[in-house]
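A short worksheet on the structure shown next.
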Number of protein chains: 2
Amino acid sequence: MLSNDIIELASLLGDKLCAKGWTVTTAESCTGGGIAYAITSRSGSSQWFRQAFVTYSNDAKQNLLSVSPHILQTHGAVSKHTVEKMVSGVCQAANAEVGVAVSGVAGPDGGSDDKPVGTVWFGFQVDGTLTTLKQHFDGDRHLVREQTIRFALQHLLSVIPS
Amino acid sequence: MLSNDIIELASLLGDKLCAKGWTVTTAESCTGGGIAYAITSRSGSSQWFRQAFVTYSNDAKQNLLSVSPHILQTHGAVSKHTVEKMVSGVCQAANAEVGVAVSGVAGPDGGSDDKPVGTVWFGFQVDGTLTTLKQHFDGDRHLVREQTIRFALQHLLSVIPS
């Protein structure tokens, strides 16, 4: 199940999107669909959510979201450049006003000095304006993924105008 | 977040797919990404999971999975015919040996005499063989979605050969 605070955040996000007449979409790597799962926990979410991609592999990021092989090779999948392309790609594919993309190191493997376990890059697009953010979350794989979902919803709530 | 038994099922599924050298993909409507979220709860899941679609709207089912408008109009989104097309479409898109598609009425709204709340159609494809199943789950929206995720994983485990 989803934790109660995440369900509440998703519900508030639904209210805000519904009031604007906007839809949201997601392109998820490390969370593997968890943000979309949270968004659709609210009954009636078909009004503000139509589709989303889980792009776990680099090939999926390239083929579905037009992230270039050059970006993936030069900056890596967990990078500002990758989430920028992911979120713009998914908003275009879904024709959505609002999007969020995440790519991170959920662990326990895959960490490096540069990008330790818990590093997550977020891309947000709201009505044409794109921003990126890097966060570091503590805890095991499940906690890193849960905190990533929570942060994505909280940040969307803070940047969507009323 | 995810219940322990679902995490355990996803882990067993990973072992089975890894041993076969197969990958799995998902096309989710009512679960909104929850099956993919469960599959990727296991560390190392990039070995058997590359991409997935959340197709919540009819347009998404048409555009991403080639479900025909005729099928959606004649049989509805929650139908054997729709999940058949969803699962074959997503396996083709992901070039995956194993796929699962779900479309159901999670509630509390959207039920009918014919398709009451808790009705879920599943499409499974394993190494080219496609099967469909209808289930009815009791409980609220969260419970219906959780039981759908659990059933999908359990059934995949039962039909993937060792």
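Residue names in the structure tokens use chain letters A, B, ... in the order shown, residue numbers from 1 in each chain, and ligand numbers from 1 in the order shown.
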inquiry  = Which residues are near A:Ser66? Cut-off 8 Å, only C-alpha atoms, ignore same chain within fewer than 5 positions. Put them as a PyMOL selection string.
reply    = chain A and resi 61+85-86+89
Writer output for current selection, N, CA and C atoms, as an mmCIF file, in the first residue's frame:
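As written to disk, part.cif reads:
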```
data_model
loop_
_atom_site.group_PDB
_atom_site.id
_atom_site.type_symbol
_atom_site.label_atom_id
_atom_site.label_comp_id
_atom_site.auth_asym_id
_atom_site.auth_seq_id
_atom_site.Cartn_x
_atom_site.Cartn_y
_atom_site.Cartn_z
ATOM 1 N N LYS A 61 14.810 5.237 -22.189
ATOM 2 C CA LYS A 61 14.922 6.709 -22.098
ATOM 3 C C LYS A 61 15.159 7.307 -23.487
ATOM 4 N N LYS A 85 15.627 16.129 -20.312
ATOM 5 C CA LYS A 85 15.085 15.554 -21.548
ATOM 6 C C LYS A 85 13.916 14.623 -21.241
ATOM 7 N N MET A 86 14.025 13.885 -20.145
ATOM 8 C CA MET A 86 12.938 12.969 -19.780
ATOM 9 C C MET A 86 11.635 13.730 -19.563
ATOM 10 N N GLY A 89 10.320 15.329 -22.758
ATOM 11 C CA GLY A 89 9.848 14.269 -23.646
ATOM 12 C C GLY A 89 8.503 13.702 -23.224
#
```
message = Could you work out which residues of chain B fall inside 9 Å of chain A? Count only C-alpha atoms, and format the result as JSON, numbers by chain.
response = {"B": [1, 2, 3, 29, 30, 31, 32, 33, 34, 35, 36, 37, 38, 39, 40, 41, 42, 43, 44, 46, 49, 50, 51, 52, 53, 54, 55, 56, 57, 58, 59, 60, 61, 94, 106, 107, 108, 109, 141, 142, 143, 145, 146]}
Pull C-alpha atoms from the residues just selected and write them as a compact mmCIF listing (two decimals), in the first residue's frame.
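So the final result, stored in result_36.txt, reads:
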```txt
# COMPACT_ATOMS: atom_id res chain seq x y z
CA MET B 1 4.71 1.37 1.03
CA LEU B 2 4.43 -2.00 -0.68
CA SER B 3 3.37 -4.85 1.55
CA SER B 29 -4.72 1.05 -16.22
CA CYS B 30 -6.40 0.72 -12.81
CA THR B 31 -3.15 0.01 -10.91
CA GLY B 32 -1.56 3.13 -12.41
CA GLY B 33 2.02 1.82 -12.32
CA GLY B 34 1.80 -0.22 -9.13
CA ILE B 35 2.81 -3.51 -10.77
CA ALA B 36 5.93 -1.94 -12.28
CA TYR B 37 6.64 -0.28 -8.94
CA ALA B 38 6.45 -3.69 -7.27
CA ILE B 39 8.65 -5.41 -9.88
CA THR B 40 11.35 -2.75 -9.45
CA SER B 41 11.30 -3.03 -5.66
CA ARG B 42 13.93 -5.72 -6.08
CA SER B 43 17.52 -4.54 -6.43
CA GLY B 44 19.01 -5.61 -9.76
CA SER B 46 17.18 -3.72 -14.49
CA PHE B 49 12.73 -5.01 -16.49
CA ARG B 50 13.40 -2.21 -19.00
CA GLN B 51 10.22 -0.21 -19.56
CA ALA B 52 6.48 -0.06 -19.00
CA PHE B 53 3.41 2.00 -19.83
CA VAL B 54 0.69 3.41 -17.63
CA THR B 55 -2.27 3.78 -19.98
CA TYR B 56 -5.01 5.28 -17.89
CA SER B 57 -7.07 6.94 -20.63
CA ASN B 58 -8.60 5.35 -23.71
CA ASP B 59 -6.47 7.61 -25.90
CA ALA B 60 -3.32 6.26 -24.25
CA LYS B 61 -4.49 2.67 -24.80
CA ALA B 94 9.28 -3.38 -25.02
CA ALA B 106 -11.00 0.24 -8.80
CA GLY B 107 -13.90 2.32 -7.56
CA PRO B 108 -15.55 3.81 -5.66
CA ASP B 109 -17.13 5.21 -8.85
CA ARG B 141 -10.06 1.36 -4.02
CA HIS B 142 -6.72 0.77 -2.28
CA LEU B 143 -7.49 -2.88 -1.57
CA ARG B 145 -5.52 -2.08 -6.52
CA GLU B 146 -3.30 -3.98 -4.07
```
request  = Excluding B:Pro116 and any residue of its chain fewer than 2 positions from it, enumerate the residues within 12 Å of it, using only C-alpha atoms, and give them as a ChimeraX atom specification.
outcome  = /B:78,104-114,118-120,135-139,144
message = So that I can check the secondary structure, give me every residue of stretch 38-153 of chain A assigned alpha helix (DSSP H) by backbone DSSP, as an MDAnalysis selection string.
response = chainID A and resid 38:39 58:65 69:75 80:94 141:153
If DSSP is run on the backbone, what residues of stretch 8-124 of chain A are strand (DSSP E or B)? A reply as a tab-separated table (two decimals) with C-alpha atoms, in the first residue's frame would be ideal.
```
chain	number	residue	atom	x	y	z
A	24	VAL	CA	0.10	15.55	-15.15
A	25	THR	CA	2.37	12.85	-16.50
A	26	THR	CA	5.46	11.05	-15.22
A	27	ALA	CA	8.67	9.53	-16.57
A	28	GLU	CA	10.13	7.33	-13.88
A	49	PHE	CA	-3.86	11.88	-15.41
A	51	GLN	CA	-0.64	8.25	-19.27
A	52	ALA	CA	2.93	7.79	-18.05
A	53	PHE	CA	6.18	6.01	-18.87
A	54	VAL	CA	8.42	3.86	-16.76
A	55	THR	CA	11.82	4.18	-18.45
A	98	VAL	CA	2.63	19.24	-15.85
A	99	GLY	CA	5.30	16.56	-15.72
A	100	VAL	CA	7.84	15.05	-13.40
A	101	ALA	CA	10.82	12.85	-14.26
A	102	VAL	CA	13.07	11.05	-11.80
A	103	SER	CA	16.35	9.21	-12.19
A	104	GLY	CA	18.36	8.12	-9.19
A	119	THR	CA	21.17	10.52	-5.14
A	120	VAL	CA	18.07	11.41	-7.17
A	121	TRP	CA	17.71	13.96	-9.96
A	122	PHE	CA	14.23	15.42	-10.53
A	123	GLY	CA	12.95	17.24	-13.61
A	124	PHE	CA	9.73	19.24	-13.35
```
message = Between atom CA of B:Lys80 and atom CA of A:Asn95, what is the distance in Å, rounded to a tenth?
response = 28.2 Å
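Restricting the calculation to only C-alpha atoms, the smallest distance between B:Trp48 and any of B:Val90, B:Leu130, B:Leu13, B:Ile160 is found for B:Leu13.
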